[in-house]
file protein02.txt (compact mmCIF, C-alpha atoms and all ligand atoms)
# COMPACT_ATOMS: atom_id res chain seq x y z
CA MET A 1238 7.78 -22.16 63.42
CA ASN A 1239 5.56 -25.19 62.90
CA VAL A 1240 4.16 -25.09 66.43
CA ALA A 1241 3.44 -21.39 65.93
CA ASP A 1242 1.71 -22.18 62.61
CA SER A 1243 -0.45 -24.86 64.28
CA GLU A 1244 -1.43 -22.37 67.00
CA ARG A 1245 -2.41 -19.82 64.35
CA ALA A 1246 -4.39 -22.36 62.30
CA ALA A 1247 -6.31 -23.49 65.42
CA THR A 1248 -7.07 -19.87 66.34
CA ASN A 1249 -8.33 -19.05 62.84
CA LEU A 1250 -10.60 -22.09 62.81
CA HIS A 1251 -11.88 -21.39 66.32
CA ASN A 1252 -12.61 -17.74 65.42
CA ALA A 1253 -14.62 -18.99 62.45
CA GLY A 1254 -16.81 -21.08 64.76
CA TYR A 1255 -15.14 -24.50 64.59
CA ALA A 1256 -14.52 -26.44 67.82
CA ILE A 1257 -10.97 -27.78 68.16
CA SER A 1258 -10.82 -31.45 69.15
CA ASP A 1259 -7.85 -33.22 70.69
CA SER A 1260 -9.00 -36.59 69.37
CA THR A 1261 -8.47 -37.72 65.79
CA GLN A 1262 -11.22 -40.30 66.36
CA SER A 1263 -13.99 -37.81 66.97
CA ALA A 1264 -12.82 -34.93 64.74
CA ASP A 1265 -14.77 -34.27 61.54
CA VAL A 1266 -11.78 -32.52 60.00
CA ILE A 1267 -8.16 -33.58 60.56
CA ILE A 1268 -5.33 -31.33 59.41
CA PHE A 1269 -1.73 -32.54 59.22
CA ASN A 1270 0.93 -29.85 59.68
CA THR A 1271 3.92 -31.11 57.74
CA CYS A 1272 7.53 -30.12 58.32
CA SER A 1273 10.98 -30.53 56.81
CA VAL A 1274 10.81 -31.95 53.31
CA ARG A 1275 12.93 -35.04 52.97
CA ALA A 1276 12.86 -37.66 50.25
CA ARG A 1277 10.06 -39.63 51.89
CA ALA A 1278 8.06 -36.77 53.42
CA ALA A 1279 5.00 -37.24 51.23
CA GLU A 1280 4.96 -41.02 51.84
CA LYS A 1281 5.05 -40.37 55.60
CA VAL A 1282 2.01 -38.11 55.29
CA PHE A 1283 0.16 -40.86 53.39
CA ALA A 1284 1.10 -43.40 56.10
CA ARG A 1285 -0.19 -41.14 58.90
CA ILE A 1286 -3.40 -40.55 56.97
CA ARG A 1287 -3.89 -44.31 56.55
CA ASP A 1288 -3.39 -44.72 60.34
CA VAL A 1289 -6.04 -42.14 61.13
CA ARG A 1290 -8.54 -43.67 58.73
CA ARG A 1291 -7.96 -47.17 60.09
CA PHE A 1292 -9.48 -46.15 63.44
CA ARG A 1293 -12.73 -45.01 61.82
CA ASN A 1294 -15.86 -47.07 61.49
CA GLY A 1295 -16.62 -46.33 57.90
CA ARG A 1296 -17.07 -42.59 58.52
CA LYS A 1297 -14.61 -40.60 56.45
CA PRO A 1298 -13.21 -37.48 58.07
CA ILE A 1299 -12.25 -34.48 55.92
CA ILE A 1300 -8.47 -34.58 55.71
CA GLY A 1301 -6.23 -31.61 54.96
CA VAL A 1302 -2.49 -31.06 54.77
CA MET A 1303 -0.72 -27.80 55.61
CA GLY A 1304 2.94 -26.75 55.96
CA CYS A 1305 6.01 -27.37 53.80
CA VAL A 1306 4.87 -30.62 52.14
CA ALA A 1307 1.55 -29.01 51.22
CA GLN A 1308 3.33 -25.96 49.77
CA LEU A 1309 5.68 -28.03 47.63
CA GLU A 1310 3.59 -31.10 46.88
CA GLY A 1311 0.02 -29.83 47.27
CA GLU A 1312 -1.17 -30.51 43.73
CA ASN A 1313 0.39 -33.99 43.66
CA LEU A 1314 -1.05 -34.84 47.08
CA LEU A 1315 -4.55 -34.00 45.91
CA GLU A 1316 -4.10 -35.86 42.63
CA ASP A 1317 -2.44 -38.96 44.10
CA SER A 1318 -4.59 -39.51 47.17
CA THR A 1319 -8.31 -40.07 47.36
CA SER A 1320 -8.06 -39.48 51.13
CA ILE A 1321 -6.78 -35.89 51.03
CA ASP A 1322 -9.48 -33.24 50.59
CA PHE A 1323 -7.46 -30.05 50.78
CA ALA A 1324 -3.91 -28.72 50.86
CA ILE A 1325 -2.95 -25.34 52.26
CA GLY A 1326 0.44 -23.71 51.71
CA THR A 1327 2.56 -21.88 54.28
CA GLY A 1328 1.15 -18.48 53.30
CA ALA A 1329 -2.53 -19.41 53.44
CA LEU A 1330 -3.13 -20.11 57.14
CA GLU A 1331 -5.58 -17.23 57.49
CA ARG A 1332 -7.72 -18.75 54.73
CA ILE A 1333 -8.04 -22.20 56.33
CA PRO A 1334 -11.63 -21.60 57.56
CA SER A 1335 -12.95 -20.76 54.09
CA ILE A 1336 -11.16 -23.77 52.56
CA VAL A 1337 -12.63 -26.11 55.21
CA LYS A 1338 -16.07 -24.59 54.63
CA GLU A 1339 -15.81 -25.15 50.86
CA VAL A 1340 -14.93 -28.82 51.37
CA LEU A 1341 -17.62 -29.37 54.02
CA GLU A 1342 -20.17 -27.88 51.63
CA GLY A 1343 -19.20 -30.50 49.06
CA GLN A 1344 -17.49 -28.21 46.60
CA GLY A 1345 -14.78 -30.83 45.98
CA LYS A 1346 -11.09 -30.84 46.69
CA ALA A 1347 -9.47 -27.49 47.51
CA LEU A 1348 -5.97 -26.11 47.12
CA ASP A 1349 -4.54 -22.77 48.30
CA LEU A 1350 -0.81 -22.25 47.81
CA GLY A 1351 -1.09 -18.47 47.61
CA GLU A 1352 0.94 -15.91 49.51
CA ARG A 1353 -0.04 -14.36 52.79
CA VAL A 1354 -2.08 -11.21 52.38
CA GLU A 1355 -0.92 -8.57 54.89
CA SER A 1356 -4.46 -7.38 55.63
CA GLU A 1357 -5.48 -10.95 56.62
CA ALA A 1358 -2.74 -11.31 59.26
CA SER A 1359 -4.18 -12.74 62.46
CA GLY A 1360 -2.95 -13.35 65.98
CA VAL A 1361 -3.04 -16.42 68.18
CA SER A 1362 -5.60 -16.78 70.93
CA ALA A 1363 -4.16 -17.48 74.42
CA SER A 1364 -6.10 -20.74 74.69
CA PHE A 1365 -4.33 -22.19 71.63
CA ARG A 1366 -0.80 -21.33 72.75
CA HIS A 1367 1.34 -24.38 73.54
CA SER A 1368 1.91 -22.99 77.05
CA PRO A 1369 0.04 -20.53 79.29
CA TYR A 1370 3.37 -18.92 80.25
CA VAL A 1371 5.53 -19.03 77.11
CA ALA A 1372 4.47 -17.59 73.74
CA PHE A 1373 6.04 -17.67 70.29
CA VAL A 1374 6.10 -14.37 68.43
CA PRO A 1375 7.10 -14.71 64.74
CA ILE A 1376 9.13 -11.67 63.62
CA ILE A 1377 10.38 -12.84 60.22
CA GLU A 1378 9.24 -15.58 57.87
CA GLY A 1379 10.96 -17.25 54.96
CA CYS A 1380 14.63 -17.25 54.03
CA ASN A 1381 16.91 -15.62 51.43
CA LYS A 1382 20.01 -17.65 52.18
CA PHE A 1383 19.50 -20.64 49.84
CA CYS A 1384 21.83 -23.08 51.57
CA THR A 1385 22.26 -25.83 49.00
CA TYR A 1386 20.76 -28.60 51.15
CA CYS A 1387 17.68 -26.73 52.37
CA ILE A 1388 14.15 -26.49 51.01
CA VAL A 1389 12.94 -23.62 53.24
CA PRO A 1390 13.46 -20.75 50.75
CA TYR A 1391 11.26 -22.71 48.31
CA SER A 1392 8.63 -23.83 50.83
CA ARG A 1393 8.43 -20.64 52.92
CA GLY A 1394 9.44 -18.07 50.32
CA ARG A 1395 11.67 -15.02 50.74
CA GLU A 1396 12.32 -13.24 54.05
CA LYS A 1397 9.47 -11.03 55.17
CA SER A 1398 9.88 -9.09 58.44
CA ARG A 1399 6.94 -7.84 60.46
CA VAL A 1400 6.96 -4.17 61.37
CA ALA A 1401 8.42 -3.46 64.79
CA ALA A 1402 5.41 -1.58 66.14
CA GLU A 1403 3.20 -4.63 65.53
CA ILE A 1404 5.66 -6.95 67.31
CA VAL A 1405 5.97 -4.61 70.30
CA GLU A 1406 2.19 -4.31 70.51
CA GLU A 1407 1.86 -8.12 70.49
CA VAL A 1408 4.51 -8.58 73.21
CA SER A 1409 2.85 -5.92 75.40
CA ARG A 1410 -0.51 -7.62 74.93
CA LEU A 1411 0.95 -11.04 75.82
CA ARG A 1412 2.50 -9.53 78.94
CA GLY A 1413 -0.92 -8.15 79.85
CA GLU A 1414 -2.45 -11.64 79.35
CA GLY A 1415 0.03 -13.08 81.87
CA PHE A 1416 2.69 -14.61 79.61
CA ARG A 1417 6.10 -14.47 81.31
CA GLU A 1418 8.39 -15.44 78.44
CA ILE A 1419 8.29 -14.83 74.71
CA HIS A 1420 10.37 -16.38 71.97
CA LEU A 1421 10.98 -14.16 68.96
CA ILE A 1422 11.04 -16.75 66.18
CA GLY A 1423 11.92 -17.02 62.52
CA GLN A 1424 14.19 -19.03 60.23
CA ASN A 1425 16.83 -16.33 60.79
CA VAL A 1426 15.67 -13.81 63.39
CA ASN A 1427 18.81 -11.71 63.24
CA SER A 1428 18.29 -11.10 59.51
CA TYR A 1429 15.28 -9.04 60.60
CA ARG A 1430 14.84 -6.12 58.18
CA PRO A 1431 11.35 -4.62 58.02
CA ARG A 1432 10.50 -2.59 54.92
CA THR A 1433 9.50 0.21 57.22
CA ASP A 1434 11.17 0.43 60.62
CA SER A 1435 8.31 2.30 62.27
CA GLY A 1436 9.04 2.37 65.98
CA LEU A 1437 12.77 1.73 65.59
CA GLU A 1438 13.98 5.06 64.14
CA SER A 1439 14.99 6.53 67.48
CA ILE A 1440 16.25 3.30 69.07
CA GLU A 1441 19.95 2.83 69.61
CA GLY A 1442 21.52 -0.13 67.80
CA ALA A 1443 23.78 -1.23 64.96
CA THR A 1444 21.23 -3.48 63.26
CA GLN A 1445 17.47 -3.57 62.93
CA PHE A 1446 17.42 -6.75 65.02
CA SER A 1447 19.50 -5.35 67.90
CA LYS A 1448 17.20 -2.28 67.87
CA LEU A 1449 14.19 -4.59 67.96
CA LEU A 1450 15.67 -6.52 70.91
CA ARG A 1451 16.07 -3.27 72.85
CA VAL A 1452 12.56 -2.05 72.10
CA VAL A 1453 11.02 -5.45 72.98
CA ALA A 1454 13.08 -5.52 76.22
CA ALA A 1455 11.62 -2.10 77.07
CA THR A 1456 8.10 -3.60 77.15
CA GLY A 1457 9.11 -5.05 80.54
CA ILE A 1458 8.16 -8.65 79.75
CA GLU A 1459 10.19 -10.84 82.12
CA ARG A 1460 12.02 -13.08 79.67
CA ILE A 1461 12.84 -12.82 75.97
CA LYS A 1462 14.49 -15.58 73.96
CA PHE A 1463 15.11 -15.62 70.21
CA THR A 1464 15.83 -18.35 67.69
CA THR A 1465 17.32 -19.12 65.18
CA SER A 1466 20.31 -16.83 64.53
CA PHE A 1467 22.20 -16.91 61.24
CA PRO A 1468 25.99 -16.75 61.86
CA ARG A 1469 26.74 -14.10 59.20
CA ASP A 1470 24.18 -11.71 60.72
CA LEU A 1471 25.23 -12.20 64.36
CA HIS A 1472 26.44 -8.62 64.92
CA PRO A 1473 28.30 -7.98 68.23
CA ASP A 1474 25.66 -5.35 69.03
CA ILE A 1475 23.23 -8.24 69.67
CA VAL A 1476 25.54 -9.35 72.49
CA SER A 1477 25.66 -5.72 73.74
CA ALA A 1478 21.85 -5.63 73.82
CA ILE A 1479 21.85 -8.84 75.92
CA ASP A 1480 24.45 -7.30 78.24
CA GLU A 1481 22.30 -4.19 78.71
CA ASN A 1482 18.95 -5.90 79.34
CA GLU A 1483 18.52 -8.59 81.95
CA ASN A 1484 15.24 -9.71 80.40
CA LEU A 1485 17.08 -10.67 77.19
CA CYS A 1486 17.92 -14.26 78.07
CA ASN A 1487 21.48 -15.59 77.99
CA TRP A 1488 21.06 -18.18 75.23
CA VAL A 1489 21.99 -18.04 71.52
CA HIS A 1490 21.32 -20.83 69.01
CA LEU A 1491 23.91 -20.42 66.23
CA PRO A 1492 23.94 -23.27 63.67
CA MET A 1493 27.49 -24.01 62.56
CA GLN A 1494 26.65 -26.91 60.17
CA SER A 1495 30.30 -27.76 59.40
CA GLY A 1496 33.81 -26.96 60.64
CA SER A 1497 35.28 -27.19 57.15
CA ASN A 1498 35.50 -24.14 54.89
CA ARG A 1499 35.20 -26.29 51.79
CA VAL A 1500 32.02 -27.94 53.02
CA LEU A 1501 30.58 -24.59 54.17
CA ARG A 1502 31.21 -23.28 50.65
CA ALA A 1503 29.52 -26.35 49.13
CA MET A 1504 26.60 -25.78 51.49
CA ARG A 1505 26.61 -22.10 50.39
CA ARG A 1506 26.39 -20.98 54.01
CA GLY A 1507 27.96 -17.57 53.29
CA TYR A 1508 30.57 -17.57 56.07
CA LYS A 1509 33.92 -19.17 56.86
CA VAL A 1510 34.99 -20.99 60.00
CA GLU A 1511 37.04 -17.90 60.96
CA ASP A 1512 33.90 -15.68 60.78
CA TYR A 1513 31.96 -18.18 62.87
CA ILE A 1514 34.69 -18.26 65.53
CA LYS A 1515 34.59 -14.42 65.75
CA ARG A 1516 30.84 -14.59 66.51
CA VAL A 1517 31.41 -17.28 69.13
CA GLU A 1518 34.14 -15.18 70.77
CA ALA A 1519 31.80 -12.18 70.93
CA ILE A 1520 29.15 -14.37 72.59
CA LYS A 1521 31.66 -15.82 75.05
CA SER A 1522 32.92 -12.35 76.01
CA ALA A 1523 29.47 -11.24 77.22
CA LYS A 1524 29.07 -10.05 80.82
CA ARG A 1525 26.72 -12.93 81.66
CA ARG A 1526 27.59 -16.45 80.51
CA ILE A 1527 25.54 -16.93 77.34
CA ALA A 1528 24.63 -20.56 76.63
CA LEU A 1529 25.52 -21.53 73.06
CA THR A 1530 23.73 -24.26 71.09
CA SER A 1531 24.11 -25.33 67.48
CA ASP A 1532 23.19 -27.62 64.57
CA ILE A 1533 25.59 -29.74 62.54
CA ILE A 1534 25.14 -31.87 59.44
CA VAL A 1535 27.47 -34.84 59.09
CA GLY A 1536 28.09 -36.71 55.86
CA PHE A 1537 27.35 -33.83 53.45
CA PRO A 1538 28.22 -35.04 49.90
CA GLY A 1539 31.99 -35.16 49.51
CA GLU A 1540 32.78 -34.56 53.21
CA THR A 1541 36.20 -36.18 53.79
CA VAL A 1542 37.43 -37.71 57.04
CA LYS A 1543 39.76 -34.70 57.42
CA GLU A 1544 36.85 -32.27 56.94
CA PHE A 1545 34.79 -34.16 59.48
CA ASP A 1546 37.74 -33.95 61.92
CA GLU A 1547 37.71 -30.16 61.39
CA THR A 1548 34.06 -30.20 62.52
CA ILE A 1549 34.99 -32.22 65.62
CA ASN A 1550 37.74 -29.70 66.42
CA LEU A 1551 35.41 -26.73 66.03
CA VAL A 1552 32.83 -28.41 68.29
CA LYS A 1553 35.55 -28.89 70.91
CA TYR A 1554 36.52 -25.23 70.58
CA CYS A 1555 32.95 -23.91 70.85
CA ARG A 1556 31.98 -26.11 73.83
CA TYR A 1557 28.27 -26.07 73.03
CA ASP A 1558 25.71 -26.37 75.79
CA SER A 1559 23.83 -28.68 73.45
CA LEU A 1560 24.03 -29.71 69.84
CA TYR A 1561 21.57 -31.07 67.28
CA ILE A 1562 23.39 -33.46 64.95
CA PHE A 1563 21.83 -34.50 61.65
CA LYS A 1564 22.95 -37.07 59.14
CA TYR A 1565 22.79 -35.51 55.68
CA SER A 1566 19.77 -36.63 53.70
CA GLU A 1567 18.83 -35.37 50.31
CA ARG A 1568 15.91 -32.94 49.95
CA PRO A 1569 14.47 -33.23 46.44
CA GLY A 1570 14.48 -29.92 44.61
CA THR A 1571 17.55 -28.51 46.35
CA PRO A 1572 20.88 -27.86 44.57
CA ALA A 1573 22.64 -30.41 46.83
CA ALA A 1574 20.27 -33.11 45.57
CA SER A 1575 22.19 -33.05 42.26
CA LEU A 1576 25.45 -33.90 44.08
CA GLU A 1577 26.40 -37.52 44.47
CA ASP A 1578 25.39 -38.59 48.00
CA ASN A 1579 28.67 -40.51 48.23
CA ILE A 1580 28.96 -41.01 52.00
CA SER A 1581 27.48 -44.38 52.91
CA GLU A 1582 24.74 -44.60 55.52
CA GLN A 1583 27.11 -46.66 57.65
CA GLU A 1584 29.79 -43.95 57.50
CA LYS A 1585 27.25 -41.19 58.25
CA THR A 1586 26.12 -43.15 61.31
CA ALA A 1587 29.74 -43.64 62.43
CA ARG A 1588 30.39 -39.88 62.12
CA PHE A 1589 27.13 -39.09 63.91
CA LEU A 1590 28.08 -41.37 66.83
CA GLU A 1591 31.63 -40.03 67.04
CA LEU A 1592 30.45 -36.44 67.15
CA GLU A 1593 27.70 -37.32 69.60
CA LYS A 1594 30.28 -38.90 71.92
CA VAL A 1595 32.46 -35.79 71.79
CA GLN A 1596 29.45 -33.53 72.45
CA LYS A 1597 28.23 -35.70 75.35
CA GLY A 1598 31.62 -35.24 77.07
CA ILE A 1599 31.50 -31.48 76.51
CA GLN A 1600 27.89 -31.26 77.64
CA ARG A 1601 28.62 -33.18 80.82
CA SER A 1602 31.38 -30.77 81.81
CA VAL A 1603 29.31 -27.70 80.78
CA LEU A 1604 26.36 -28.87 82.91
CA GLU A 1605 28.65 -29.69 85.85
CA GLU A 1606 29.83 -26.07 85.84
CA TYR A 1607 26.31 -25.11 86.97
CA VAL A 1608 26.45 -27.32 90.09
CA GLY A 1609 26.64 -25.14 93.21
CA GLY A 1610 25.35 -22.08 91.34
CA GLU A 1611 21.86 -20.59 91.03
CA VAL A 1612 19.69 -20.20 87.93
CA ARG A 1613 16.41 -18.38 87.28
CA VAL A 1614 13.75 -20.84 86.22
CA LEU A 1615 10.31 -20.25 84.75
CA VAL A 1616 8.25 -23.11 86.22
CA GLU A 1617 6.22 -24.68 83.42
CA GLY A 1618 4.62 -27.72 85.07
CA LYS A 1619 5.19 -31.06 86.76
CA SER A 1620 8.27 -33.08 85.92
CA ALA A 1621 7.62 -35.89 83.42
CA LYS A 1622 9.38 -38.36 85.76
CA THR A 1623 7.79 -37.77 89.18
CA PRO A 1624 4.82 -35.75 90.40
CA LEU A 1625 6.96 -34.64 93.36
CA ASP A 1626 9.14 -32.48 91.11
CA MET A 1627 8.44 -29.40 89.05
CA ARG A 1628 10.04 -28.62 85.68
CA GLY A 1629 10.96 -25.47 83.86
CA HIS A 1630 13.59 -23.77 81.74
CA SER A 1631 16.39 -21.52 82.94
CA THR A 1632 17.15 -18.22 81.21
CA CYS A 1633 20.03 -20.15 79.57
CA HIS A 1634 17.42 -22.58 78.19
CA LYS A 1635 18.37 -25.61 80.30
CA VAL A 1636 15.64 -27.95 81.50
CA VAL A 1637 15.69 -27.72 85.32
CA ASN A 1638 13.81 -30.05 87.70
CA PHE A 1639 13.43 -29.49 91.43
CA PRO A 1640 11.14 -30.65 94.27
CA GLY A 1641 8.05 -28.44 94.42
CA ASP A 1642 4.31 -28.32 93.96
CA ILE A 1643 1.95 -27.17 91.25
CA SER A 1644 1.29 -23.82 92.95
CA LEU A 1645 4.68 -22.72 91.56
CA ALA A 1646 3.57 -23.19 87.92
CA GLY A 1647 3.92 -19.95 85.98
CA GLN A 1648 6.28 -18.38 88.52
CA GLU A 1649 9.88 -17.43 88.04
CA VAL A 1650 12.03 -18.88 90.82
CA ILE A 1651 15.66 -19.21 91.81
CA VAL A 1652 16.94 -22.79 91.91
CA ARG A 1653 20.30 -23.82 93.38
CA ILE A 1654 21.76 -26.59 91.20
CA THR A 1655 22.87 -29.74 93.02
CA GLU A 1656 23.24 -32.21 90.20
CA ALA A 1657 24.00 -32.31 86.48
CA LYS A 1658 21.95 -34.95 84.64
CA VAL A 1659 22.65 -36.09 81.06
CA ASN A 1660 20.50 -33.40 79.40
CA SER A 1661 19.20 -31.35 82.31
CA LEU A 1662 19.94 -29.85 85.72
CA TYR A 1663 18.51 -30.77 89.10
CA GLY A 1664 18.37 -28.60 92.19
CA GLY A 1665 16.46 -27.13 95.10
CA LEU A 1666 14.17 -24.13 95.30
CA VAL A 1667 15.84 -21.08 96.86
CA LYS A 1668 13.07 -18.51 96.48
CA GLY A 1669 10.38 -17.13 94.17
CA LEU A 1670 10.93 -13.83 92.34
S1 LIG B 1 19.61 -20.24 56.47
FE1 LIG B 1 19.96 -21.99 55.13
S2 LIG B 1 19.42 -23.75 56.43
FE2 LIG B 1 18.50 -21.94 57.40
S3 LIG B 1 16.42 -21.83 56.56
FE3 LIG B 1 17.71 -20.55 55.28
S4 LIG B 1 18.34 -21.87 53.57
FE4 LIG B 1 17.58 -23.19 55.22
call {"tool": "encode", "arguments": {"input": "protein02.txt", "output": "structure tokens", "more": "lines below"}}
Ligand code: SF4
result
Amino acid sequence: MNVADSERAATNLHNAGYAISDSTQSADVIIFNTCSVRARAAEKVFARIRDVRRFRNGRKPIIGVMGCVAQLEGENLLEDSTSIDFAIGTGALERIPSIVKEVLEGQGKALDLGERVESEASGVSASFRHSPYVAFVPIIEGCNKFCTYCIVPYSRGREKSRVAAEIVEEVSRLRGEGFREIHLIGQNVNSYRPRTDSGLESIEGATQFSKLLRVVAATGIERIKFTTSFPRDLHPDIVSAIDENENLCNWVHLPMQSGSNRVLRAMRRGYKVEDYIKRVEAIKSAKRRIALTSDIIVGFPGETVKEFDETINLVKYCRYDSLYIFKYSERPGTPAASLEDNISEQEKTARFLELEKVQKGIQRSVLEEYVGGEVRVLVEGKSAKTPLDMRGHSTCHKVVNFPGDISLAGQEVIVRITEAKVNSLYGGLVKGL
């Protein structure tokens, strides 16, 4: 979501006549997009700002902060720092140009933590997308789940779904501009529930999201991925929609967070291990093999060794293609922050390493299963390691490298896998599509 927000902010500023610089040394205005609020998030912003200023020769750039830290800490940031000139909340991206103008005109420090106004909604220009082939399309913003450890419902507000017709129009336009893959994004995409379902009334499907998947697939864009999915809202009809439409990619990111029912309750995740397993079984019973990835927090307050072992066992059962493991850290302002953070840093690290070791073993065997088979890869550019190889992502969201030249960039190709690396696959080009 943060990359998508940066793309939108750059587009809005460009449309208002500002030139976007890729150098903090020459820019007149520098805006920090801040993410996940942890205990020291504001201090980190101050440190980065000090770094940027250190490179200047006495000329002070205008400095702004946007994103979650700005939304939650905006007033304090402006009060506490002489360096920060403006703070813009998560709903005010469309108003960035007028805020920057105010500050440039010398009207003093500026703050906008207001909500997004529907009529101001803007798109993203192709030149500010992070890739010329892959585009993010936000379909829902905010969150109503209020997991006890998470700040998102406070920093991003309640869930707000875009109307389907607008999403379909954007995907069709991106297809026309040459984008090959789109990612439908949101904190919980499968909780998608527009106030008006214009465009979805006649579409088959058990949920608004599975209807949306079908109608987006019908645009004919080559590849559609979506992230993140909330376990409770992972209806089996989403798997049916993937089965029916080849352009719905075979990858689901389904954060588990813990394998213990007591910890899940303390996290207020709204599902039990048994519910989660049912969703995983539905995903694993799909016609195509759907890659499954997840997030886990270790060392949540009160997590016992036995509860952590339950997480290990569930990870072994799910056999994730990849896993993001986080050590619990307190987010000020969340309900979990009032719990005693009674797992020592040393113990959290030990649990992190143990789980990582288990996952590495699983990942190695999952990746080895691809050796000898073929995957469809969207070629995104040169490999980071050697200019002789190209790099892209498979439909199952694996990084795939293979010998090739830059003329393949932007094409979808078939690659036969010859080797499983630690976090990626390696192979040879079979043919273009
Ligand atoms: S579902 Fe929970 S963890 Fe995810 S954004 Fe919402 S509150 Fe945060």
call {"tool": "closest_residue", "arguments": {"input": "protein02.txt", "among": "A:Gly1423, A:Gly1665, A:Gly1328, A:Gly1507", "to": "Asp1470 in chain A", "atoms": "only C-alpha atoms"}}
result
A:Gly1507
call {"tool": "closest_atom_pairs", "arguments": {"input": "protein02.txt", "of": "chain A", "to": "ligand LIG 1 (chain B)", "cutoff": "9 Å", "atoms": "only C-alpha atoms and all ligand atoms", "output": "CSV"}}
result
residue,atom,partner,partner_atom,distance
A:Gly1379,CA,B:LIG1,S3,7.3
A:Cys1380,CA,B:LIG1,FE3,4.7
A:Asn1381,CA,B:LIG1,FE3,6.3
A:Lys1382,CA,B:LIG1,S4,4.7
A:Phe1383,CA,B:LIG1,S4,4.1
A:Cys1384,CA,B:LIG1,FE1,4.2
A:Thr1385,CA,B:LIG1,S4,7.2
A:Tyr1386,CA,B:LIG1,S2,7.3
A:Cys1387,CA,B:LIG1,FE4,4.5
A:Ile1388,CA,B:LIG1,FE4,6.4
A:Val1389,CA,B:LIG1,FE4,5.1
A:Pro1390,CA,B:LIG1,S4,5.7
A:Tyr1391,CA,B:LIG1,S4,8.9
A:Arg1393,CA,B:LIG1,S3,8.9
A:Gly1423,CA,B:LIG1,S3,8.9
A:Gln1424,CA,B:LIG1,S3,5.1
A:Asn1425,CA,B:LIG1,S1,6.5
A:Thr1465,CA,B:LIG1,FE2,8.4
A:Ser1466,CA,B:LIG1,S1,8.8
A:Phe1467,CA,B:LIG1,S1,6.4
A:Pro1492,CA,B:LIG1,FE2,8.4
A:Gln1494,CA,B:LIG1,S2,8.7
A:Met1504,CA,B:LIG1,FE1,8.5
A:Arg1505,CA,B:LIG1,FE1,8.2
A:Arg1506,CA,B:LIG1,FE1,6.6
call {"tool": "closest_residue", "arguments": {"input": "protein02.txt", "among": "A:Val1306, A:Ile1643, A:Val1612, A:Val1595", "to": "His1630 in chain A", "atoms": "only C-alpha atoms"}}
result
A:Val1612
call {"tool": "atom_distance", "arguments": {"input": "protein02.txt", "atom1": "CA of Pro1298 in chain A", "atom2": "CA of Met1238 in chain A"}}
result
26.5 Å
call {"tool": "atom_distance", "arguments": {"input": "protein02.txt", "atom1": "CA of Val1535 in chain A", "atom2": "CA of Val1659 in chain A"}}
result
22.5 Å
call {"tool": "closest_residue", "arguments": {"input": "protein02.txt", "among": "A:Thr1541, A:Ser1335, A:Asn1239, A:Ser1364", "to": "Phe1323 in chain A", "atoms": "all atoms listed in the file"}}
result
A:Ser1335
call {"tool": "atom_distance", "arguments": {"input": "protein02.txt", "atom1": "CA of Ile1651 in chain A", "atom2": "CA of Ser1559 in chain A"}}
result
22.2 Å
call {"tool": "residues_around", "arguments": {"input": "protein02.txt", "residues": "Val1452 in chain A", "least_positions_apart": "4", "cutoff": "9 Å", "atoms": "all atoms listed in the file", "output": "PDB file with C-alpha atoms, in the frame of the given file"}}
result
ATOM      1  CA  ALA A1401       8.420  -3.460  64.790  1.00  0.00           C
ATOM      2  CA  VAL A1405       5.970  -4.610  70.300  1.00  0.00           C
ATOM      3  CA  GLY A1436       9.040   2.370  65.980  1.00  0.00           C
ATOM      4  CA  LEU A1437      12.770   1.730  65.590  1.00  0.00           C
ATOM      5  CA  ILE A1440      16.250   3.300  69.070  1.00  0.00           C
ATOM      6  CA  SER A1447      19.500  -5.350  67.900  1.00  0.00           C
ATOM      7  CA  LYS A1448      17.200  -2.280  67.870  1.00  0.00           C
ATOM      8  CA  THR A1456       8.100  -3.600  77.150  1.00  0.00           C
TER       9      THR A1456
END
call {"tool": "closest_residue", "arguments": {"input": "protein02.txt", "among": "A:Gln1648, A:Asn1638, A:Gln1308, A:Asn1484", "to": "Glu1352 in chain A", "atoms": "only C-alpha atoms"}}
result
A:Gln1308
call {"tool": "closest_residue", "arguments": {"input": "protein02.txt", "among": "A:Thr1271, A:Ser1243, A:Thr1261, A:Ser1362", "to": "Leu1330 in chain A", "atoms": "only C-alpha atoms"}}
result
A:Ser1243
call {"tool": "closest_residue", "arguments": {"input": "protein02.txt", "among": "A:Arg1499, A:Lys1509, A:Arg1451, A:Arg1290", "to": "Asp1480 in chain A", "atoms": "all atoms listed in the file"}}
result
A:Arg1451
call {"tool": "residues_around", "arguments": {"input": "protein02.txt", "residues": "Leu1615 in chain A", "least_positions_apart": "2", "cutoff": "9 Å", "atoms": "only C-alpha atoms", "output": "list in words"}}
result
Tyr1370, Arg1417, Glu1418, Arg1460, Arg1613, Glu1617, Arg1628, Gly1629, His1630, Ser1631, Thr1632, Ala1646, Gly1647, Gln1648, Glu1649, Val1650 and Ile1651 of chain A
call {"tool": "residues_around", "arguments": {"input": "protein02.txt", "residues": "Val1374 in chain A", "least_positions_apart": "2", "cutoff": "8 Å", "atoms": "only C-alpha atoms", "output": "mmCIF file with C-alpha atoms, keeping the file's coordinate frame"}}
result
data_model
loop_
_atom_site.group_PDB
_atom_site.id
_atom_site.type_symbol
_atom_site.label_atom_id
_atom_site.label_comp_id
_atom_site.auth_asym_id
_atom_site.auth_seq_id
_atom_site.Cartn_x
_atom_site.Cartn_y
_atom_site.Cartn_z
ATOM 1 C CA ALA A 1241 3.440 -21.390 65.930
ATOM 2 C CA ALA A 1372 4.470 -17.590 73.740
ATOM 3 C CA ILE A 1376 9.130 -11.670 63.620
ATOM 4 C CA ILE A 1404 5.660 -6.950 67.310
ATOM 5 C CA GLU A 1407 1.860 -8.120 70.490
ATOM 6 C CA VAL A 1408 4.510 -8.580 73.210
ATOM 7 C CA ILE A 1419 8.290 -14.830 74.710
ATOM 8 C CA HIS A 1420 10.370 -16.380 71.970
ATOM 9 C CA LEU A 1421 10.980 -14.160 68.960
ATOM 10 C CA ILE A 1422 11.040 -16.750 66.180
#
